[in-house]
file run.cif (mmCIF, C-alpha atoms and all ligand atoms)
data_work
loop_
_atom_site.label_atom_id
_atom_site.label_comp_id
_atom_site.auth_asym_id
_atom_site.auth_seq_id
_atom_site.Cartn_x
_atom_site.Cartn_y
_atom_site.Cartn_z
CA MET A 1 28.57 7.74 -14.98
CA LYS A 2 29.35 6.26 -11.57
CA LEU A 3 28.40 8.22 -8.47
CA SER A 4 32.07 8.37 -7.52
CA ASP A 5 32.82 10.09 -10.86
CA ILE A 6 30.63 13.13 -10.20
CA PRO A 7 33.06 16.05 -10.75
CA THR A 8 33.85 18.26 -7.77
CA GLU A 9 32.61 21.34 -9.70
CA ILE A 10 29.14 19.82 -9.77
CA GLU A 11 29.33 19.00 -6.07
CA ARG A 12 30.36 22.62 -5.45
CA LEU A 13 27.51 23.92 -7.62
CA ALA A 14 25.07 21.87 -5.51
CA GLU A 15 26.52 23.36 -2.31
CA ASP A 16 26.27 26.92 -3.66
CA CYS A 17 22.66 26.33 -4.66
CA GLU A 18 21.83 24.85 -1.26
CA ALA A 19 23.24 27.95 0.46
CA GLU A 20 20.98 30.14 -1.69
CA LEU A 21 17.99 27.88 -1.09
CA ALA A 22 18.31 27.93 2.71
CA SER A 23 15.18 30.00 3.32
CA ARG A 24 13.13 27.97 0.80
CA PHE A 25 14.23 24.75 2.49
CA ALA A 26 13.31 26.22 5.88
CA GLU A 27 9.82 27.01 4.56
CA ILE A 28 9.44 23.46 3.17
CA ASP A 29 10.46 22.08 6.59
CA ARG A 30 7.95 24.34 8.32
CA VAL A 31 5.12 22.94 6.19
CA ALA A 32 6.29 19.38 6.97
CA ARG A 33 6.25 20.16 10.72
CA ILE A 34 2.68 21.48 10.63
CA ASN A 35 1.43 18.55 8.56
CA THR A 36 3.25 16.03 10.76
CA ARG A 37 1.61 17.50 13.85
CA ARG A 38 -1.83 17.27 12.26
CA ILE A 39 -1.23 13.63 11.34
CA MET A 40 0.14 12.70 14.77
CA GLU A 41 -2.81 14.35 16.50
CA ALA A 42 -5.14 12.25 14.35
CA PHE A 43 -3.18 9.06 15.11
CA GLN A 44 -3.52 9.79 18.83
CA GLU A 45 -7.17 10.83 18.68
CA PHE A 46 -8.14 7.56 16.99
CA ARG A 47 -5.88 5.50 19.26
CA VAL A 48 -3.70 3.77 16.69
CA SER A 49 -2.28 0.58 18.16
CA GLU A 50 -0.56 -2.62 17.10
CA SER A 51 -3.96 -4.25 16.53
CA CYS A 52 -4.60 -1.78 13.66
CA PHE A 53 -1.75 -3.36 11.73
CA ALA A 54 -3.04 -6.94 11.81
CA GLY A 55 -5.19 -6.90 8.68
CA THR A 56 -7.91 -9.22 7.47
CA THR A 57 -8.50 -11.86 4.80
CA GLY A 58 -11.55 -12.94 2.79
CA TYR A 59 -14.46 -10.50 2.93
CA GLY A 60 -12.51 -8.20 5.19
CA TYR A 61 -15.36 -7.36 7.59
CA ASP A 62 -14.49 -5.37 10.72
CA ASP A 63 -10.99 -4.51 9.65
CA LEU A 64 -9.92 -2.29 12.54
CA GLY A 65 -6.91 -0.90 10.68
CA ARG A 66 -8.83 -0.06 7.53
CA GLU A 67 -11.65 1.61 9.45
CA THR A 68 -9.26 3.57 11.67
CA LEU A 69 -7.17 4.73 8.72
CA ASP A 70 -10.28 6.01 6.93
CA LYS A 71 -11.14 8.11 10.02
CA ILE A 72 -7.60 9.42 10.37
CA TRP A 73 -7.45 10.27 6.68
CA ALA A 74 -10.72 12.20 6.92
CA ARG A 75 -9.43 14.15 9.93
CA VAL A 76 -6.11 14.95 8.22
CA PHE A 77 -7.83 16.11 5.02
CA GLY A 78 -10.49 18.04 6.93
CA SER A 79 -13.30 16.04 5.32
CA GLU A 80 -16.38 14.20 6.63
CA SER A 81 -15.25 10.84 5.36
CA ALA A 82 -12.48 9.03 3.49
CA LEU A 83 -11.87 5.79 1.64
CA VAL A 84 -8.24 4.60 1.58
CA ARG A 85 -7.82 1.34 -0.27
CA THR A 86 -5.15 -0.82 -1.88
CA GLY A 87 -8.03 -2.00 -4.10
CA PHE A 88 -7.64 1.20 -6.09
CA VAL A 89 -5.10 0.14 -8.69
CA ASN A 90 -3.82 3.68 -9.21
CA GLY A 91 -4.73 7.35 -8.99
CA THR A 92 -6.78 7.24 -12.18
CA HIS A 93 -8.97 4.54 -10.63
CA ALA A 94 -9.58 6.61 -7.47
CA ILE A 95 -10.30 9.83 -9.38
CA ALA A 96 -12.56 8.05 -11.87
CA SER A 97 -14.47 6.49 -8.95
CA ALA A 98 -14.93 9.97 -7.48
CA LEU A 99 -16.33 11.12 -10.83
CA PHE A 100 -18.67 8.12 -11.10
CA ALA A 101 -19.91 9.02 -7.61
CA SER A 102 -20.69 12.56 -8.74
CA VAL A 103 -22.43 12.25 -12.12
CA GLY A 104 -25.08 10.03 -13.66
CA PRO A 105 -26.82 9.60 -17.03
CA GLY A 106 -27.80 12.93 -18.59
CA ASP A 107 -25.58 14.96 -16.23
CA THR A 108 -22.69 17.08 -17.39
CA LEU A 109 -19.10 16.85 -16.14
CA MET A 110 -17.10 20.04 -16.61
CA PRO A 111 -13.32 20.02 -16.16
CA LEU A 112 -12.20 23.56 -15.31
CA MET A 113 -8.45 23.38 -15.99
CA GLY A 114 -8.48 22.33 -19.63
CA SER A 115 -8.24 18.74 -20.73
CA PRO A 116 -7.86 16.25 -17.84
CA TYR A 117 -4.83 14.01 -17.30
CA ASP A 118 -4.28 11.56 -20.19
CA THR A 119 -5.41 8.35 -18.51
CA LEU A 120 -8.57 10.02 -17.19
CA ARG A 121 -9.63 10.98 -20.70
CA THR A 122 -10.37 7.35 -21.56
CA ALA A 123 -12.24 6.80 -18.27
CA ILE A 124 -14.32 9.90 -18.94
CA GLY A 125 -14.88 8.82 -22.54
CA ILE A 126 -13.43 11.79 -24.41
CA SER A 127 -10.70 9.77 -26.07
CA GLY A 128 -11.92 6.45 -27.38
CA ASP A 129 -15.31 4.96 -26.57
CA ALA A 130 -14.34 2.53 -23.84
CA TYR A 131 -17.11 0.29 -22.53
CA GLY A 132 -18.22 1.54 -19.13
CA SER A 133 -16.72 5.04 -19.42
CA LEU A 134 -18.73 8.04 -18.21
CA GLY A 135 -19.60 8.80 -21.82
CA PHE A 136 -20.84 5.23 -22.30
CA TYR A 137 -23.31 5.81 -19.45
CA GLY A 138 -24.59 9.00 -21.04
CA VAL A 139 -22.65 11.62 -19.12
CA ASN A 140 -22.13 14.81 -21.13
CA TYR A 141 -18.84 16.60 -21.27
CA ALA A 142 -17.89 20.26 -21.50
CA GLU A 143 -14.49 21.65 -20.53
CA VAL A 144 -13.22 25.15 -19.75
CA ALA A 145 -9.75 25.97 -21.06
CA THR A 146 -7.04 27.56 -18.92
CA LYS A 147 -5.93 31.14 -19.49
CA ASN A 148 -2.27 32.22 -19.28
CA GLY A 149 -1.48 28.97 -17.50
CA GLY A 150 -4.05 29.50 -14.73
CA PRO A 151 -7.80 29.18 -14.19
CA ASP A 152 -9.97 31.39 -16.40
CA MET A 153 -12.27 32.66 -13.66
CA GLU A 154 -14.53 34.67 -15.99
CA SER A 155 -15.15 31.73 -18.32
CA ILE A 156 -15.66 29.41 -15.35
CA GLU A 157 -18.29 31.74 -13.89
CA ARG A 158 -20.07 32.09 -17.22
CA ARG A 159 -19.98 28.44 -18.34
CA VAL A 160 -20.86 26.98 -14.93
CA GLY A 161 -23.69 29.52 -14.64
CA GLU A 162 -25.04 28.63 -18.10
CA ILE A 163 -24.72 24.86 -18.04
CA ARG A 164 -25.06 24.18 -14.28
CA PRO A 165 -23.00 20.97 -14.55
CA ARG A 166 -23.65 18.23 -12.00
CA ALA A 167 -19.90 18.16 -11.28
CA VAL A 168 -16.72 20.07 -12.08
CA LEU A 169 -13.22 18.56 -12.06
CA ILE A 170 -10.30 20.68 -10.85
CA GLN A 171 -6.81 19.31 -11.45
CA ARG A 172 -4.40 20.74 -8.88
CA SER A 173 -1.09 19.63 -10.42
CA ARG A 174 0.24 20.62 -13.83
CA GLY A 175 0.41 16.97 -14.94
CA TYR A 176 2.14 16.94 -18.33
CA ASP A 177 0.91 20.43 -19.22
CA SER A 178 3.09 23.50 -19.29
CA ARG A 179 0.70 25.36 -16.97
CA ARG A 180 1.46 25.97 -13.30
CA ALA A 181 0.03 24.01 -10.37
CA LEU A 182 -2.82 25.46 -8.30
CA SER A 183 -2.45 26.25 -4.62
CA ALA A 184 -5.05 24.74 -2.29
CA GLU A 185 -6.31 28.29 -1.75
CA GLU A 186 -6.80 28.80 -5.50
CA VAL A 187 -8.72 25.51 -5.69
CA GLY A 188 -10.86 26.80 -2.81
CA GLU A 189 -11.47 30.06 -4.66
CA ILE A 190 -12.64 28.15 -7.75
CA CYS A 191 -14.96 26.01 -5.57
CA ARG A 192 -16.49 29.12 -3.98
CA LEU A 193 -17.07 30.66 -7.40
CA VAL A 194 -18.70 27.45 -8.69
CA LYS A 195 -20.98 27.24 -5.62
CA ARG A 196 -21.98 30.88 -5.97
CA VAL A 197 -23.27 30.49 -9.53
CA SER A 198 -24.44 26.87 -9.23
CA PRO A 199 -24.89 25.80 -5.58
CA ASN A 200 -25.67 22.14 -6.35
CA THR A 201 -22.62 21.49 -8.49
CA ILE A 202 -20.19 19.00 -6.95
CA CYS A 203 -16.53 20.08 -6.90
CA VAL A 204 -14.15 17.14 -7.47
CA VAL A 205 -10.39 17.70 -7.17
CA ASP A 206 -7.67 15.65 -8.83
CA ASN A 207 -5.27 16.08 -5.90
CA CYS A 208 -2.38 14.01 -7.34
CA TYR A 209 1.08 15.34 -6.45
CA GLY A 210 -0.38 18.16 -4.35
CA GLU A 211 -0.85 16.43 -0.98
CA PHE A 212 1.19 17.91 1.91
CA THR A 213 2.96 20.47 -0.27
CA GLU A 214 1.01 23.04 1.77
CA THR A 215 -0.54 23.11 5.23
CA GLU A 216 -4.07 22.99 3.82
CA GLU A 217 -5.82 20.57 1.47
CA PRO A 218 -8.61 21.45 -1.00
CA THR A 219 -11.16 19.51 1.09
CA MET A 220 -10.63 22.06 3.90
CA LEU A 221 -11.44 24.89 1.52
CA GLY A 222 -14.67 23.91 -0.18
CA ALA A 223 -13.92 20.90 -2.41
CA ASP A 224 -16.60 18.19 -2.09
CA LEU A 225 -14.26 15.33 -3.07
CA ALA A 226 -10.51 14.97 -3.55
CA ALA A 227 -8.74 11.87 -4.80
CA GLY A 228 -5.23 10.70 -5.49
CA SER A 229 -2.66 7.93 -5.60
CA LEU A 230 -0.91 6.22 -2.67
CA ILE A 231 2.28 5.72 -4.70
CA LYS A 232 2.67 9.49 -4.81
CA ASN A 233 2.86 11.95 -1.87
CA PRO A 234 0.39 10.55 0.71
CA GLY A 235 1.79 7.00 0.69
CA GLY A 236 5.08 8.40 1.98
CA GLY A 237 7.03 5.99 -0.24
CA LEU A 238 5.91 3.01 1.85
CA ALA A 239 2.41 2.28 0.56
CA PRO A 240 2.86 -0.58 -1.92
CA THR A 241 -0.15 0.44 -4.07
CA GLY A 242 -3.57 2.08 -3.73
CA GLY A 243 -5.55 5.29 -3.84
CA TYR A 244 -7.79 7.44 -1.68
CA ILE A 245 -10.89 9.57 -1.84
CA ALA A 246 -11.75 12.15 0.84
CA GLY A 247 -14.83 14.35 1.05
CA LYS A 248 -18.55 14.49 1.77
CA ALA A 249 -19.75 11.28 3.41
CA GLU A 250 -22.56 10.61 0.93
CA LEU A 251 -20.27 11.00 -2.06
CA VAL A 252 -17.48 8.90 -0.54
CA GLU A 253 -20.05 6.16 0.10
CA ARG A 254 -21.14 6.30 -3.53
CA ALA A 255 -17.50 6.08 -4.66
CA ALA A 256 -17.12 2.98 -2.46
CA TYR A 257 -20.12 1.50 -4.29
CA ARG A 258 -18.26 2.07 -7.49
CA LEU A 259 -14.98 0.61 -6.16
CA THR A 260 -16.63 -2.59 -4.92
CA VAL A 261 -20.35 -3.06 -5.54
CA PRO A 262 -23.61 -1.28 -4.61
CA GLY A 263 -24.78 -2.37 -1.17
CA ILE A 264 -21.30 -3.42 -0.03
CA GLY A 265 -19.19 -0.31 -0.57
CA GLY A 266 -16.38 0.16 1.91
CA GLU A 267 -17.58 -2.55 4.34
CA CYS A 268 -15.62 -5.22 2.46
CA GLY A 269 -12.12 -5.28 1.09
CA CYS A 270 -9.60 -7.25 3.09
CA THR A 271 -6.28 -5.59 3.70
CA LEU A 272 -4.08 -8.71 3.97
CA GLY A 273 -0.82 -7.40 5.38
CA THR A 274 -0.83 -3.83 4.06
CA ASN A 275 -2.24 -1.80 6.96
CA ARG A 276 1.06 -1.12 8.67
CA GLN A 277 2.60 0.24 5.47
CA LEU A 278 -0.35 2.56 4.84
CA PHE A 279 -0.28 3.92 8.41
CA GLN A 280 3.47 4.31 8.46
CA GLY A 281 3.41 5.77 4.95
CA LEU A 282 0.92 8.46 5.97
CA PHE A 283 3.01 9.17 9.06
CA LEU A 284 6.08 9.71 6.82
CA ALA A 285 4.24 11.50 4.00
CA PRO A 286 4.83 15.14 5.05
CA HIS A 287 8.53 14.43 5.47
CA THR A 288 8.84 12.46 2.24
CA THR A 289 6.96 15.16 0.32
CA ALA A 290 9.41 17.71 1.74
CA GLN A 291 12.34 15.61 0.51
CA ALA A 292 10.83 15.59 -2.99
CA LEU A 293 10.18 19.36 -2.87
CA LYS A 294 13.78 20.07 -1.85
CA THR A 295 15.11 17.77 -4.57
CA ALA A 296 12.97 19.64 -7.12
CA ALA A 297 14.14 23.04 -5.87
CA LEU A 298 17.78 21.96 -6.03
CA CYS A 299 17.29 20.66 -9.57
CA SER A 300 15.68 23.95 -10.56
CA ALA A 301 18.49 26.03 -9.03
CA MET A 302 21.35 24.00 -10.51
CA LEU A 303 19.93 23.82 -14.01
CA GLN A 304 19.02 27.49 -14.02
CA LYS A 305 22.63 28.33 -13.16
CA LEU A 306 23.69 26.15 -16.09
CA GLY A 307 21.51 28.24 -18.43
CA PHE A 308 18.35 26.15 -18.73
CA ASP A 309 14.77 27.35 -18.19
CA THR A 310 13.11 25.73 -15.20
CA GLU A 311 9.51 25.68 -13.97
CA PRO A 312 8.90 26.46 -11.14
CA GLY A 313 11.95 28.65 -10.59
CA PRO A 314 14.11 27.72 -7.57
CA PHE A 315 12.60 30.34 -5.27
CA GLU A 316 8.97 30.09 -6.31
CA PRO A 317 6.40 28.49 -4.00
CA ARG A 318 5.55 24.89 -4.93
CA TYR A 319 2.07 23.41 -4.99
CA ASP A 320 3.05 20.06 -6.49
CA ILE A 321 6.26 18.02 -6.59
CA ILE A 322 6.81 18.32 -10.36
CA GLN A 323 9.82 20.15 -11.76
CA THR A 324 10.17 20.82 -15.46
CA VAL A 325 13.49 21.61 -17.12
CA THR A 326 13.80 22.69 -20.73
CA LEU A 327 16.87 20.84 -21.97
CA LYS A 328 16.84 22.17 -25.54
CA SER A 329 18.22 19.10 -27.38
CA PRO A 330 17.38 15.40 -27.72
CA GLU A 331 20.89 14.45 -26.54
CA ASN A 332 20.49 16.50 -23.36
CA LEU A 333 17.10 14.94 -22.59
CA CYS A 334 18.41 11.39 -23.12
CA ARG A 335 21.57 11.97 -21.13
CA PHE A 336 19.72 13.66 -18.28
CA CYS A 337 17.30 10.74 -17.99
CA ARG A 338 20.15 8.21 -18.23
CA GLY A 339 21.95 10.05 -15.44
CA ILE A 340 18.84 9.91 -13.23
CA GLN A 341 18.52 6.18 -13.93
CA ALA A 342 22.19 5.52 -13.22
CA GLY A 343 21.85 7.52 -10.00
CA SER A 344 18.98 5.36 -8.69
CA PRO A 345 19.17 2.75 -5.92
CA VAL A 346 17.29 0.16 -8.04
CA ASP A 347 17.86 -0.74 -11.73
CA SER A 348 20.83 1.64 -11.91
CA TYR A 349 22.46 -0.50 -14.62
CA VAL A 350 19.54 -0.07 -17.03
CA THR A 351 19.84 2.39 -19.94
CA PRO A 352 16.56 4.15 -20.75
CA GLU A 353 15.78 4.52 -24.46
CA PRO A 354 13.11 6.65 -26.14
CA TRP A 355 10.14 4.49 -27.18
CA GLN A 356 6.76 4.83 -28.82
CA MET A 357 4.38 4.63 -25.87
CA PRO A 358 0.78 3.72 -26.76
CA GLY A 359 -1.41 6.80 -26.80
CA TYR A 360 1.43 9.31 -27.23
CA GLU A 361 2.27 11.15 -30.45
CA ASP A 362 6.02 11.42 -29.95
CA GLU A 363 8.50 8.96 -28.51
CA VAL A 364 8.94 9.24 -24.75
CA ILE A 365 12.01 8.58 -22.60
CA MET A 366 11.55 7.55 -18.97
CA ALA A 367 13.94 7.06 -16.09
CA ALA A 368 12.87 5.40 -12.87
CA GLY A 369 14.77 3.22 -10.47
CA ALA A 370 12.19 2.68 -7.78
CA PHE A 371 11.45 0.20 -4.99
CA ILE A 372 7.78 0.30 -6.00
CA GLN A 373 6.90 -0.03 -9.66
CA GLY A 374 5.86 3.31 -11.15
CA SER A 375 6.15 5.12 -7.83
CA SER A 376 6.66 8.78 -8.59
CA ILE A 377 7.29 9.92 -5.03
CA GLU A 378 10.58 8.15 -5.77
CA LEU A 379 12.98 10.05 -8.03
CA SER A 380 11.96 9.75 -11.66
CA ALA A 381 12.27 11.78 -14.85
CA ASP A 382 10.65 11.56 -18.24
CA GLY A 383 9.86 13.62 -21.30
CA PRO A 384 8.54 13.49 -24.85
CA MET A 385 11.20 13.53 -27.59
CA ARG A 386 10.07 16.81 -29.14
CA GLU A 387 10.85 20.52 -28.99
CA PRO A 388 11.73 22.03 -26.56
CA TYR A 389 12.94 18.72 -25.06
CA ARG A 390 11.42 19.30 -21.68
CA ALA A 391 12.11 16.88 -18.83
CA PHE A 392 9.52 16.33 -16.08
CA LEU A 393 11.20 15.39 -12.84
CA GLN A 394 9.56 14.38 -9.59
CA GLY A 395 10.19 12.61 -6.34
CA GLY A 396 13.13 11.74 -4.16
CA LEU A 397 12.49 9.54 -1.13
CA THR A 398 15.35 11.20 0.69
CA TYR A 399 16.90 14.56 -0.14
CA GLU A 400 20.36 12.98 0.02
CA SER A 401 19.53 10.41 -2.67
CA GLY A 402 17.57 12.94 -4.75
CA ARG A 403 20.55 15.30 -4.65
CA LEU A 404 22.85 12.50 -5.85
CA GLY A 405 20.48 11.67 -8.69
CA ILE A 406 20.35 15.29 -9.85
CA MET A 407 24.13 15.67 -9.68
CA ASN A 408 24.57 12.43 -11.61
CA ALA A 409 22.11 13.55 -14.29
CA ILE A 410 23.90 16.87 -14.71
CA ALA A 411 27.31 15.17 -14.80
CA GLU A 412 26.05 12.76 -17.48
CA MET A 413 24.56 15.59 -19.52
CA LEU A 414 27.67 17.80 -19.41
CA ASP A 415 30.12 14.92 -20.04
CA LYS A 416 30.52 15.40 -23.79
C1 LIG B 501 -0.49 10.67 -11.47
C2 LIG B 501 -1.66 11.51 -11.83
C3 LIG B 501 -2.92 10.95 -12.02
C4 LIG B 501 -3.20 9.48 -11.88
O1 LIG B 501 -2.23 8.73 -12.46
P1 LIG B 501 -2.01 7.18 -12.07
O2 LIG B 501 -0.80 6.84 -12.84
O3 LIG B 501 -3.22 6.46 -12.51
O4 LIG B 501 -1.82 7.10 -10.60
C5 LIG B 501 -3.96 11.79 -12.32
N1 LIG B 501 -3.79 13.12 -12.41
C6 LIG B 501 -2.59 13.69 -12.22
C7 LIG B 501 -2.45 15.17 -12.33
C8 LIG B 501 -1.49 12.92 -11.92
O5 LIG B 501 -0.30 13.48 -11.70
#
call {"tool": "encode", "arguments": {"input": "run.cif", "output": "structure tokens", "more": "lines below"}}
Ligand SMILES: *Cc1c(COP(=O)(O)O)cnc(C)c1O
result
Amino acid sequence: MKLSDIPTEIERLAEDCEAELASRFAEIDRVARINTRRIMEAFQEFRVSESCFAGTTGYGYDDLGRETLDKIWARVFGSESALVRTGFVNGTHAIASALFASVGPGDTLMPLMGSPYDTLRTAIGISGDAYGSLGFYGVNYAEVATKNGGPDMESIERRVGEIRPRAVLIQRSRGYDSRRALSAEEVGEICRLVKRVSPNTICVVDNCYGEFTETEEPTMLGADLAAGSLIKNPGGGLAPTGGYIAGKAELVERAAYRLTVPGIGGECGCTLGTNRQLFQGLFLAPHTTAQALKTAALCSAMLQKLGFDTEPGPFEPRYDIIQTVTLKSPENLCRFCRGIQAGSPVDSYVTPEPWQMPGYEDEVIMAAGAFIQGSSIELSADGPMREPYRAFLQGGLTYESGRLGIMNAIAEMLDK
């Protein structure tokens, strides 16, 4: 399907949905305005200038840009300290470093929203027995399941009170689960409950996909550490790689020891030429996140009108950028993903095929045509080839391009 072949009925459906979504879009824009102001105030307070963009080589001592960005990041996330580094290879690496900073041999780590994100399971040591995982170093594990798709506050209170874990892990986004995402306020509520029954327990938040979807972040509301990926929301689509950790100074320092080496921590780590992209990416992040949220809402509205179940619904508040659509048949899922791929600015000529991805039970189909490999703040869609053939869609660097991708995917799916 070429973009020029998108039928006018689908274009009209998009326009109708946009008219209905006007107040949702206005709310998304309001959040972006508040977050942009907070970020600009931090840029001005810490006197960002051309010299911050220069970067360092070698050891990377006295990197003005790196040190300034850490301070800005901490201010924006309402935390004591932050560590923003391209040396984090992905979000898993940043979150795992936050966990290693929080627990030691003999301690217990307790995830409170069911099983953690797939890639973290290996790092924690619950799937496989990877050398150097938390389990390898003698960290115990006990998780609390979700209830009706949300946190089970009674079980959390009881289990945390009984076991007094050294740290809990709270995943804000749904990930690949069918549960809903948590608002920052809900994360804060969980943190307050944990602190009430076990004051010394450290609250770590997997903040992936949640950043800037609201005007507050979990670190403003009681979380001790939050971590995420720079090729999702907070990199604004410009950060070429990396991750961040924000939170209590002592814990962030320990995470830096884990990222580099004890005694060095965040003092080393040259930035080469990446500082400008990280600054500019953060500057754009509230806007880019808003583009992804609008793309998701449009997708939800259009597919709901076409008779498919969508999560969240078009008018529901959004606490992450993920949209799920239940497409009901393998053909629909394949065609939808192929339409997203064909509607991308990069690799549009590629045809995604279902494949057996290591570590997954069923075949998975993935569509992504991104400027940055694996970037999911850019429009992408994927799903396991099993009932009920649910697609997970996220991203959209600009609403205009996200809208085209969605229309192309629908056109491809309906073109039988
Ligand atoms: C993306 C993501 C991660 C980290 O994934 P990476 O691919 O390593 O960046 C962790 N948790 C959640 C909920 C995520 O969405």
call {"tool": "closest_residue", "arguments": {"input": "run.cif", "among": "A:Pro234, A:Gly339, A:Pro358, A:Gly114", "to": "Asp415 (chain A)", "atoms": "all atoms listed in the file"}}
result
A:Gly339
call {"tool": "closest_residue", "arguments": {"input": "run.cif", "among": "A:Ala255, A:Leu393, A:Ala297, A:Ala26", "to": "Tyr176 (chain A)", "atoms": "all atoms listed in the file"}}
result
A:Leu393
call {"tool": "residues_near_ligand", "arguments": {"input": "run.cif", "ligand": "ligand LIG 501 (chain B)", "cutoff": "8 Å", "atoms": "all atoms listed in the file", "output": "list in words"}}
result
Val89, Asn90, Gly91, Thr92, His93, Ile95, Pro116, Tyr117, Asp118, Thr119, Leu120, Gln171, Arg172, Ser173, Arg174, Gly175, Tyr176, Asp206, Asn207, Cys208, Tyr209, Gly228, Ser229, Ile231, Lys232, Gly243, Gly374 and Ser376 of chain A
call {"tool": "residues_around", "arguments": {"input": "run.cif", "residues": "Thr56 (chain A)", "least_positions_apart": "4", "cutoff": "9 Å", "atoms": "all atoms listed in the file", "output": "ChimeraX atom specification"}}
result
/A:60-65,269-273
call {"tool": "atom_distance", "arguments": {"input": "run.cif", "atom1": "CA of Arg179 (chain A)", "atom2": "CA of Thr310 (chain A)"}}
result
12.5 Å
call {"tool": "residues_around", "arguments": {"input": "run.cif", "residues": "Phe371 (chain A)", "least_positions_apart": "6", "cutoff": "9 Å", "atoms": "all atoms listed in the file", "output": "list in words"}}
result
Gly237, Pro345, Val346 and Glu378 of chain A
call {"tool": "residues_around", "arguments": {"input": "run.cif", "residues": "Leu404 (chain A)", "least_positions_apart": "4", "cutoff": "7 Å", "atoms": "only C-alpha atoms", "output": "PyMOL selection string"}}
result
chain A and resi 343+400+408
call {"tool": "atom_distance", "arguments": {"input": "run.cif", "atom1": "CA of Arg166 (chain A)", "atom2": "CA of Ser115 (chain A)"}}
result
17.7 Å
call {"tool": "atom_distance", "arguments": {"input": "run.cif", "atom1": "CA of Asp107 (chain A)", "atom2": "CA of Gly149 (chain A)"}}
result
27.9 Å
call {"tool": "axis_aligned_box", "arguments": {"input": "run.cif", "around": "region 382-390 of chain A", "padding_each_side": "5 Å", "output": "AutoDock Vina command-line options"}}
result
--center_x 10.7 --center_y 16.8 --center_z -23.7 --size_x 14.4 --size_y 20.5 --size_z 20.9
call {"tool": "closest_residue", "arguments": {"input": "run.cif", "among": "A:Thr213, A:Ser375, A:Thr8, A:Ser97", "to": "Pro286 (chain A)", "atoms": "only C-alpha atoms"}}
result
A:Thr213
call {"tool": "closest_residue", "arguments": {"input": "run.cif", "among": "A:Leu327, A:Met1, A:Ile322, A:Ile245", "to": "Asp309 (chain A)", "atoms": "all atoms listed in the file"}}
result
A:Leu327
call {"tool": "residues_around", "arguments": {"input": "run.cif", "residues": "Ala14 (chain A)", "least_positions_apart": "2", "cutoff": "8 Å", "atoms": "only C-alpha atoms", "output": "count of residues only"}}
result
9
call {"tool": "closest_residue", "arguments": {"input": "run.cif", "among": "A:Gly78, A:Gly236, A:Gly55, A:Gly87", "to": "Ala223 (chain A)", "atoms": "all atoms listed in the file"}}
result
A:Gly78
call {"tool": "closest_residue", "arguments": {"input": "run.cif", "among": "A:Arg258, A:Arg276, A:Arg37, A:Lys71", "to": "Ser51 (chain A)", "atoms": "all atoms listed in the file"}}
result
A:Arg276
call {"tool": "residues_around", "arguments": {"input": "run.cif", "residues": "Thr351 (chain A)", "least_positions_apart": "5", "cutoff": "10 Å", "atoms": "all atoms listed in the file", "output": "PyMOL selection string"}}
result
chain A and resi 334-335+337-339+341-342+366-367
call {"tool": "write_last_selection", "arguments": {"input": "run.cif", "atoms": "C-alpha atoms", "output": "short mmCIF file (atom, residue, chain, number, x, y, z; two decimals), in the coordinates of the input"}}
result
data_model
loop_
_atom_site.label_atom_id
_atom_site.label_comp_id
_atom_site.auth_asym_id
_atom_site.auth_seq_id
_atom_site.Cartn_x
_atom_site.Cartn_y
_atom_site.Cartn_z
CA CYS A 334 18.41 11.39 -23.12
CA ARG A 335 21.57 11.97 -21.13
CA CYS A 337 17.30 10.74 -17.99
CA ARG A 338 20.15 8.21 -18.23
CA GLY A 339 21.95 10.05 -15.44
CA GLN A 341 18.52 6.18 -13.93
CA ALA A 342 22.19 5.52 -13.22
CA MET A 366 11.55 7.55 -18.97
CA ALA A 367 13.94 7.06 -16.09
#
call {"tool": "residues_near_point", "arguments": {"input": "run.cif", "point": "(9.7, 18.2, -10.3)", "cutoff": "9 Å", "atoms": "only C-alpha atoms", "output": "PyMOL selection string"}}
result
chain A and resi 292-293+295-297+299-300+311-312+320-325+380-381+391-395
